[in-house]
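Data block below; observations after.
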Amino acid sequence: MTTLDENITRLKGHIARFARDGIVHMIGGADVAGPDTFETRAPADGSLIASVARGGPAEIDAAARAATSAFPAWAALPGAERKALLHRIADAIVARADEIALCESWDSGQPLRFMAKAALRGAENFRFFADRAPAARDGQSLPSPGHMNITGRSPIGPVGVITPWNTPFMLSTWKIAPALAAGCTVVHKPAELSPLTARILAEICRDAGLPDGVLNLVNGMGEDAGRALTEHPAIRAIAFVGESRTGTQIMKQGADTLKRVHFELGGKNPVIVFDDADLDRALDAVIFMIYSLNGERCTSSSRLLVHDSIRPDFERKLAERVARIRVGHPLDPATEVGPLIAGVHHEKVRGYFDVARAEGAHVAAGGTCAEGPGWYVAPTLFTGATNAMRIAQEEIFGPVLTSIPFADEAEAVALANDVDYGLAGYLWTNDLSRAMRVSDAMQAGMIWVNSENVRHLPTPFGGVKASGIGRDGGDWSFEFFMEQKNVAFATGAHAIPRLGV
Ligand code: NAD
């Protein structure tokens, strides 16, 4: 295992070029610097990493034009060739995984131990959709009396991909890989708070031989670059990952151009622990699913619903473990929780410590912020909470867990569903019938029983209610990035109604 000092040395080698040259757009295969820039800073100490070209409507328009020009040839490329190219991209991601993980960790504040895996998951996303590219256009034959109907799929056209700052590399590949495999061209607008690895991904794709204009990168703010992308008439669809209220805005912005939208939004996910569960494993999972990735994770289980009879003991053990979680430098291999992404987010999370106290919850662990530099908060556990409190209803998006007791199964289900969101749910019980009943009744797009968030790429990923619209994964990604067409061939000379004879 490498040491913190070794990791810092390697990081410096990787980011020196960004510090020197800045991070520029990539439009039509060319590096494009803009007149305007903004800064990306390290959450660990606030130091400047690089200045970043700040794109707006002009850069988005240039990128949309490049994506439009590149679309016909890319869409017409045989699936087997797209497959080979996407595998080359995956190979290059693996080859540069160390660089990606270090840059991502430094830019986002996420501990390196998790970012190393996230980089490799990016490569897996490319491989998964690469393998499906040759059959992406396949359809069905649906015979009817007098006709043979033949369906087929074709790529929808140039699409926009807008991604958030938490695990930005993995999330970008989760959208860009299926879009490219389907035959779409892409304009990517990454989050302004962690733009480093989107640039690395664009370079990897260009170096692997992706034709110019197939993947374009425009950095900038949501309100100008992001907005322009969602309003651009040449962009046929927007795949968006981010906050629920941003999804609402994007839907409005895209209305005039009838954008197809796919939204992966926020969550306030319950983990229900029944008294018959394997409580040691449940404890590990509860801790992992809220305190890993700084709690800045859409599928984090931020609401613990725990049966009354086991609550005192479970919460006591939980508080002891939470107090021992190692908070530190994101590049330190020992670190379990790193700094939050930025000052504005730090203020938000810290604000909930005051909200919890004002609402009458008990702070069983944490509830404090370290003095700077760096946007650190202590892993926090609130107990004595009710589901009506803001700390139980709002997405805090930090290492903060709210524990709420329940008396019976009916109350557990009611509490789990009594929230605006519906992304993921977790359930711990050894009673099979109860597991079936409760998972059926829970309002969430994804439920894990006696497990944590383990992804299987062929399965559907996405949420209900305020957590999203649409699904990723398997063929669901292609359904979004492709159009269905039906062609009906007459199989006989059937009587055609005659007018005007
Ligand atoms: P955000 O909504 O603030 O920003 C996401 C992206 O949208 C950024 O690139 C931003 O620049 C852009 N944007 C902002 N306003 C825009 C506008 N008006 N038009 C177009 N683009 C605009 O989200 P965030 O704070 O970066 O990310 C955290 C959120 O993302 C959390 O709510 C989290 O739950 C969610 N998230 C969801 C999933 C999922 O799969 N469901 C995964 C990761 C993160």
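Going through the structure tokens in order, the chains are called A, B, and so on, while each chain numbers its residues from 1 and the ligands are numbered from 1 in the order shown.
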Using only C-alpha atoms, which residues of segment 285-353 of chain A come within 9 Å of segment 256-266 of chain A, and what is the closest atom pair for each, with the distance in Å to one decimal? Give it as JSON lines, sorted by chain and residue number.
```
{"residue": "A:Arg297", "atom": "CA", "partner": "A:Gly266", "partner_atom": "CA", "distance": 8.9}
{"residue": "A:Cys298", "atom": "CA", "partner": "A:Gly266", "partner_atom": "CA", "distance": 5.7}
{"residue": "A:Thr299", "atom": "CA", "partner": "A:Gly266", "partner_atom": "CA", "distance": 8.3}
```
For segment 75-89 of chain A, list every protein, DNA or RNA residue within 8 Å, evaluated using only C-alpha atoms, and leave out those in the same chain fewer than 3 positions away; present the list as a VMD selection string.
chain A and resid 71 to 72 92 to 93 123 126 to 127 129 to 136 154 to 155 177 180 to 184 204 to 205 208 to 210
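Using only C-alpha atoms for every distance, the candidate list A:Thr9, A:Asn453, A:Thr246, A:Ser439 yields A:Asn453 as the residue closest to Met289 of chain A.
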DSSP strand (DSSP E) residues within segment 254-472 of chain A, listed as number ranges by chain
A: 260-264, 270-273, 303-307, 362-365, 380-383, 400-406, 424-428, 446-449, 468-469
Find the nearest atom pair between each residue of segment 192-292 of chain A and segment 94-111 of chain A for residues within 8 Å, count only C-alpha atoms, give distances in Å to one decimal, sort rows by chain and ascending number, and present the table as a Markdown table.
```
| residue | atom | partner | partner_atom | distance |
| --- | --- | --- | --- | --- |
| A:Leu193 | CA | A:Ser108 | CA | 7.5 |
| A:Ser194 | CA | A:Asp107 | CA | 5.3 |
| A:Pro195 | CA | A:Asp107 | CA | 7.7 |
| A:Leu196 | CA | A:Cys103 | CA | 6.7 |
| A:Thr197 | CA | A:Glu104 | CA | 6.2 |
| A:Ile200 | CA | A:Ile100 | CA | 7.4 |
```
Would you save the residues of that selection, restricted to all heavy atoms, as a JSON list (two decimals), in the first residue's frame?
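Output file selection_10.json is given in full below:
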```
[["chain", "number", "residue", "atom", "x", "y", "z"],
["A", 193, "LEU", "N", -17.56, 21.98, -9.83],
["A", 193, "LEU", "CA", -16.77, 21.82, -8.60],
["A", 193, "LEU", "C", -15.71, 20.72, -8.70],
["A", 193, "LEU", "O", -14.83, 20.65, -7.84],
["A", 193, "LEU", "CB", -17.71, 21.54, -7.41],
["A", 193, "LEU", "CG", -18.58, 22.73, -6.99],
["A", 193, "LEU", "CD1", -19.57, 22.30, -5.90],
["A", 193, "LEU", "CD2", -17.72, 23.89, -6.49],
["A", 194, "SER", "N", -15.79, 19.84, -9.68],
["A", 194, "SER", "CA", -14.78, 18.77, -9.80],
["A", 194, "SER", "C", -14.59, 18.39, -11.27],
["A", 194, "SER", "O", -14.97, 17.30, -11.69],
["A", 194, "SER", "CB", -15.20, 17.54, -8.99],
["A", 194, "SER", "OG", -16.49, 17.11, -9.39],
["A", 195, "PRO", "N", -13.98, 19.29, -12.06],
["A", 195, "PRO", "CA", -13.93, 19.08, -13.51],
["A", 195, "PRO", "C", -12.72, 18.27, -14.03],
["A", 195, "PRO", "O", -12.66, 18.00, -15.23],
["A", 195, "PRO", "CB", -13.86, 20.52, -14.05],
["A", 195, "PRO", "CG", -13.14, 21.27, -12.98],
["A", 195, "PRO", "CD", -13.48, 20.62, -11.68],
["A", 196, "LEU", "N", -11.78, 17.89, -13.16],
["A", 196, "LEU", "CA", -10.52, 17.32, -13.64],
["A", 196, "LEU", "C", -10.69, 16.05, -14.48],
["A", 196, "LEU", "O", -10.14, 15.93, -15.57],
["A", 196, "LEU", "CB", -9.62, 16.99, -12.44],
["A", 196, "LEU", "CG", -8.36, 17.83, -12.25],
["A", 196, "LEU", "CD1", -8.78, 19.27, -11.97],
["A", 196, "LEU", "CD2", -7.52, 17.30, -11.10],
["A", 197, "THR", "N", -11.43, 15.10, -13.93],
["A", 197, "THR", "CA", -11.42, 13.79, -14.59],
["A", 197, "THR", "C", -12.29, 13.74, -15.84],
["A", 197, "THR", "O", -12.10, 12.85, -16.67],
["A", 197, "THR", "CB", -11.85, 12.67, -13.61],
["A", 197, "THR", "OG1", -13.10, 13.03, -13.02],
["A", 197, "THR", "CG2", -10.80, 12.46, -12.54],
["A", 200, "ILE", "N", -9.78, 14.30, -18.39],
["A", 200, "ILE", "CA", -8.97, 13.09, -18.63],
["A", 200, "ILE", "C", -9.76, 12.11, -19.50],
["A", 200, "ILE", "O", -9.22, 11.50, -20.43],
["A", 200, "ILE", "CB", -8.53, 12.45, -17.29],
["A", 200, "ILE", "CG1", -7.61, 13.40, -16.53],
["A", 200, "ILE", "CG2", -7.84, 11.11, -17.53],
["A", 200, "ILE", "CD1", -7.23, 12.91, -15.13]]
```
Name the residues in contact with Glu336 of chain A at a cut-off of 7 Å, using only C-alpha atoms, excluding same-chain residues fewer than 3 positions from it; report them as a ChimeraX atom specification.
/A:111,292,325-327
Write out the residues from the selection above, keeping C-alpha atoms, as a compact mmCIF listing (two decimals), in the first residue's frame.
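See selection17.txt below for the written result:
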```
# COMPACT_ATOMS: atom_id res chain seq x y z
CA PRO A 111 -11.19 9.23 0.01
CA SER A 292 -18.49 5.81 2.73
CA ILE A 325 -14.33 6.56 11.76
CA ARG A 326 -11.05 7.95 10.49
CA VAL A 327 -11.46 11.46 9.07
```
Ile404 of chain A environment, 6 Å, only C-alpha atoms, sequence neighbours closer than 4 positions dropped, as a list in words:
Leu305, Ala385 and Thr386 of chain A
For the residues in the current selection, export C-alpha atoms as a compact mmCIF listing (two decimals), in the first residue's frame.
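This is the output file part_3.txt:
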```txt
# COMPACT_ATOMS: atom_id res chain seq x y z
CA LEU A 305 -35.36 2.84 10.74
CA ALA A 385 -35.49 11.78 15.83
CA THR A 386 -38.90 11.60 14.22
```
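Distance annotation: of A:Ala70, A:Ala361, A:Ile8, A:Met251, the residue with the minimal separation from ligand 1 is A:Met251; atom set is only C-alpha atoms and all ligand atoms.
Taking only C-alpha atoms and all ligand atoms into account, ligand 1 has within 6 Å the residues A:Ile162, A:Thr163, A:Pro164, A:Trp165, A:Lys189, A:Pro190, A:Ala191, A:Glu192, A:Met221, A:Gly222, A:Glu223, A:Gly226, A:Arg227, A:Val241, A:Gly242, A:Glu243, A:Thr246, A:Gln249, A:Ile250, A:Glu264, A:Leu265, A:Gly266, A:Gly267, A:Arg297, A:Cys298.
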Given only C-alpha atoms as the basis, pick out the residue of A:Thr68, A:Ser403, A:Ser302, A:Ser451 nearest to Arg316 of chain A.
A:Ser403
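Excluding Met26 of chain A and any residue on its chain fewer than 4 positions from it, the residues at most 7 Å away by only C-alpha atoms are Ala30, Asp31, Val32, Asn216, Leu217 and Val218 of chain A.
Nearest residue to Leu331 of chain A among A:Phe314, A:Phe353, A:Phe114, A:Phe478 is A:Phe114, counting only C-alpha atoms.
Proximity to Pro158 of chain A at 9 Å, evaluated using only C-alpha atoms and with sequence-adjacent residues fewer than 4 positions away removed, yields Ala64, Ala67, Thr68, Ala70, Phe71, Cys184, Thr185, Val186, Val187, Val214, Ala234, Ile235, Arg236 and Ala237 of chain A.
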For the residues in that selection, give me N, CA and C atoms as an mmCIF file, in the first residue's frame.
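Output (again-v9.cif):
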```
data_model
loop_
_atom_site.group_PDB
_atom_site.id
_atom_site.type_symbol
_atom_site.label_atom_id
_atom_site.label_comp_id
_atom_site.auth_asym_id
_atom_site.auth_seq_id
_atom_site.Cartn_x
_atom_site.Cartn_y
_atom_site.Cartn_z
ATOM 1 N N ALA A 64 -22.332 21.620 -29.943
ATOM 2 C CA ALA A 64 -23.531 20.971 -30.513
ATOM 3 C C ALA A 64 -23.385 20.833 -32.028
ATOM 4 N N ALA A 67 -21.009 17.966 -32.635
ATOM 5 C CA ALA A 67 -21.691 16.685 -32.382
ATOM 6 C C ALA A 67 -22.660 16.361 -33.512
ATOM 7 N N THR A 68 -23.294 17.393 -34.075
ATOM 8 C CA THR A 68 -24.234 17.189 -35.182
ATOM 9 C C THR A 68 -23.488 16.731 -36.435
ATOM 10 N N ALA A 70 -20.636 15.179 -36.568
ATOM 11 C CA ALA A 70 -20.033 13.851 -36.384
ATOM 12 C C ALA A 70 -21.075 12.741 -36.333
ATOM 13 N N PHE A 71 -22.335 13.115 -36.114
ATOM 14 C CA PHE A 71 -23.360 12.088 -35.847
ATOM 15 C C PHE A 71 -23.576 11.086 -36.988
ATOM 16 N N CYS A 184 -24.928 7.525 -30.499
ATOM 17 C CA CYS A 184 -25.144 8.966 -30.310
ATOM 18 C C CYS A 184 -23.810 9.691 -30.211
ATOM 19 N N THR A 185 -23.819 10.960 -30.542
ATOM 20 C CA THR A 185 -22.691 11.815 -30.227
ATOM 21 C C THR A 185 -23.066 12.642 -28.990
ATOM 22 N N VAL A 186 -22.050 13.165 -28.301
ATOM 23 C CA VAL A 186 -22.275 13.683 -26.949
ATOM 24 C C VAL A 186 -21.638 15.052 -26.753
ATOM 25 N N VAL A 187 -22.369 15.921 -26.037
ATOM 26 C CA VAL A 187 -21.761 17.124 -25.453
ATOM 27 C C VAL A 187 -21.853 16.947 -23.944
ATOM 28 N N VAL A 214 -17.314 13.361 -31.728
ATOM 29 C CA VAL A 214 -18.217 12.346 -31.165
ATOM 30 C C VAL A 214 -18.418 12.584 -29.662
ATOM 31 N N ALA A 234 -30.347 21.458 -31.450
ATOM 32 C CA ALA A 234 -29.728 20.285 -32.085
ATOM 33 C C ALA A 234 -29.548 19.121 -31.109
ATOM 34 N N ILE A 235 -29.667 19.396 -29.836
ATOM 35 C CA ILE A 235 -29.476 18.351 -28.816
ATOM 36 C C ILE A 235 -30.816 17.667 -28.587
ATOM 37 N N ARG A 236 -30.852 16.355 -28.865
ATOM 38 C CA ARG A 236 -32.132 15.650 -28.857
ATOM 39 C C ARG A 236 -32.565 15.184 -27.463
ATOM 40 N N ALA A 237 -31.620 14.969 -26.576
ATOM 41 C CA ALA A 237 -31.967 14.423 -25.260
ATOM 42 C C ALA A 237 -30.939 14.883 -24.234
#
```
Quick one: everything within 12 Å of Ser51 of chain A, counting only C-alpha atoms, minus sequence neighbours fewer than 3 positions away in the same chain. Send it as a list in words.
Ile15, Arg17, Phe18, Ala19, Arg20, Asp21, Gly22, Ile23, Val24, His25, Ala33, Gly34, Pro35, Asp36, Thr37, Phe38, Glu39, Thr40, Arg41, Ser47, Leu48, Arg54, Glu192, Leu193, Ser194, Pro195, Leu196, Asn219 and Gly220 of chain A
Include N, CA and C atoms and write out the residues we just selected as an mmCIF file, in the first residue's frame.
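Final output, out14.cif:
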```cif
data_model
loop_
_atom_site.group_PDB
_atom_site.id
_atom_site.type_symbol
_atom_site.label_atom_id
_atom_site.label_comp_id
_atom_site.auth_asym_id
_atom_site.auth_seq_id
_atom_site.Cartn_x
_atom_site.Cartn_y
_atom_site.Cartn_z
ATOM 1 N N ILE A 15 -1.058 16.549 -11.809
ATOM 2 C CA ILE A 15 -1.819 17.807 -11.947
ATOM 3 C C ILE A 15 -0.954 18.995 -12.357
ATOM 4 N N ARG A 17 0.403 19.674 -15.124
ATOM 5 C CA ARG A 17 0.022 20.214 -16.445
ATOM 6 C C ARG A 17 -1.276 21.005 -16.358
ATOM 7 N N PHE A 18 -2.194 20.567 -15.474
ATOM 8 C CA PHE A 18 -3.444 21.326 -15.310
ATOM 9 C C PHE A 18 -3.142 22.681 -14.670
ATOM 10 N N ALA A 19 -2.250 22.663 -13.670
ATOM 11 C CA ALA A 19 -1.898 23.918 -12.988
ATOM 12 C C ALA A 19 -1.242 24.877 -13.982
ATOM 13 N N ARG A 20 -0.465 24.338 -14.897
ATOM 14 C CA ARG A 20 0.286 25.167 -15.853
ATOM 15 C C ARG A 20 -0.614 25.657 -16.993
ATOM 16 N N ASP A 21 -1.367 24.720 -17.599
ATOM 17 C CA ASP A 21 -2.108 25.044 -18.828
ATOM 18 C C ASP A 21 -3.580 25.339 -18.596
ATOM 19 N N GLY A 22 -4.077 25.027 -17.419
ATOM 20 C CA GLY A 22 -5.507 25.144 -17.173
ATOM 21 C C GLY A 22 -6.257 23.965 -17.781
ATOM 22 N N ILE A 23 -7.555 23.922 -17.507
ATOM 23 C CA ILE A 23 -8.402 22.869 -18.069
ATOM 24 C C ILE A 23 -9.251 23.517 -19.158
ATOM 25 N N VAL A 24 -9.123 23.008 -20.363
ATOM 26 C CA VAL A 24 -9.804 23.643 -21.494
ATOM 27 C C VAL A 24 -10.903 22.727 -22.026
ATOM 28 N N HIS A 25 -11.782 23.289 -22.838
ATOM 29 C CA HIS A 25 -12.841 22.492 -23.462
ATOM 30 C C HIS A 25 -12.230 21.588 -24.528
ATOM 31 N N ALA A 33 -9.617 27.009 -25.467
ATOM 32 C CA ALA A 33 -9.586 27.816 -24.248
ATOM 33 C C ALA A 33 -10.617 28.929 -24.414
ATOM 34 N N GLY A 34 -11.168 29.399 -23.319
ATOM 35 C CA GLY A 34 -12.167 30.455 -23.449
ATOM 36 C C GLY A 34 -11.625 31.768 -22.928
ATOM 37 N N PRO A 35 -12.300 32.853 -23.227
ATOM 38 C CA PRO A 35 -11.864 34.118 -22.639
ATOM 39 C C PRO A 35 -12.118 34.125 -21.125
ATOM 40 N N ASP A 36 -13.164 33.426 -20.689
ATOM 41 C CA ASP A 36 -13.502 33.436 -19.259
ATOM 42 C C ASP A 36 -13.039 32.146 -18.596
ATOM 43 N N THR A 37 -12.715 32.260 -17.325
ATOM 44 C CA THR A 37 -12.287 31.071 -16.577
ATOM 45 C C THR A 37 -12.898 31.088 -15.174
ATOM 46 N N PHE A 38 -12.870 29.929 -14.535
ATOM 47 C CA PHE A 38 -13.157 29.855 -13.095
ATOM 48 C C PHE A 38 -12.101 28.940 -12.480
ATOM 49 N N GLU A 39 -12.130 28.805 -11.164
ATOM 50 C CA GLU A 39 -11.083 28.032 -10.489
ATOM 51 C C GLU A 39 -11.649 26.739 -9.926
ATOM 52 N N THR A 40 -10.842 25.688 -9.952
ATOM 53 C CA THR A 40 -11.187 24.509 -9.165
ATOM 54 C C THR A 40 -10.163 24.398 -8.038
ATOM 55 N N ARG A 41 -10.664 24.207 -6.827
ATOM 56 C CA ARG A 41 -9.822 24.205 -5.631
ATOM 57 C C ARG A 41 -9.954 22.893 -4.878
ATOM 58 N N SER A 47 -6.485 24.888 -1.677
ATOM 59 C CA SER A 47 -5.465 25.355 -2.622
ATOM 60 C C SER A 47 -5.991 25.280 -4.058
ATOM 61 N N LEU A 48 -5.441 26.177 -4.886
ATOM 62 C CA LEU A 48 -5.850 26.217 -6.290
ATOM 63 C C LEU A 48 -5.287 25.009 -7.034
ATOM 64 N N ARG A 54 -14.360 28.695 -18.847
ATOM 65 C CA ARG A 54 -15.779 28.813 -18.488
ATOM 66 C C ARG A 54 -16.601 29.021 -19.756
ATOM 67 N N GLU A 192 -19.007 21.950 -12.172
ATOM 68 C CA GLU A 192 -17.972 22.977 -12.044
ATOM 69 C C GLU A 192 -17.073 22.753 -10.831
ATOM 70 N N LEU A 193 -17.557 21.981 -9.833
ATOM 71 C CA LEU A 193 -16.775 21.820 -8.601
ATOM 72 C C LEU A 193 -15.715 20.720 -8.695
ATOM 73 N N SER A 194 -15.790 19.841 -9.684
ATOM 74 C CA SER A 194 -14.779 18.774 -9.802
ATOM 75 C C SER A 194 -14.594 18.392 -11.274
ATOM 76 N N PRO A 195 -13.979 19.292 -12.058
ATOM 77 C CA PRO A 195 -13.932 19.078 -13.514
ATOM 78 C C PRO A 195 -12.722 18.275 -14.033
ATOM 79 N N LEU A 196 -11.780 17.889 -13.155
ATOM 80 C CA LEU A 196 -10.516 17.324 -13.643
ATOM 81 C C LEU A 196 -10.688 16.054 -14.475
ATOM 82 N N ASN A 219 -16.827 22.936 -20.265
ATOM 83 C CA ASN A 219 -16.910 23.239 -18.835
ATOM 84 C C ASN A 219 -17.689 24.525 -18.627
ATOM 85 N N GLY A 220 -18.211 24.682 -17.431
ATOM 86 C CA GLY A 220 -18.909 25.924 -17.133
ATOM 87 C C GLY A 220 -19.919 25.749 -16.030
#
```
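Nearest to Val413 of chain A of all the residues A:Arg137, A:Arg390, A:Arg437, A:His494 is A:Arg437, counting only C-alpha atoms.
The two atoms in question, atom CA of Gln484 of chain A and atom CA of Pro143 of chain A, are spaced 16.8 Å apart.
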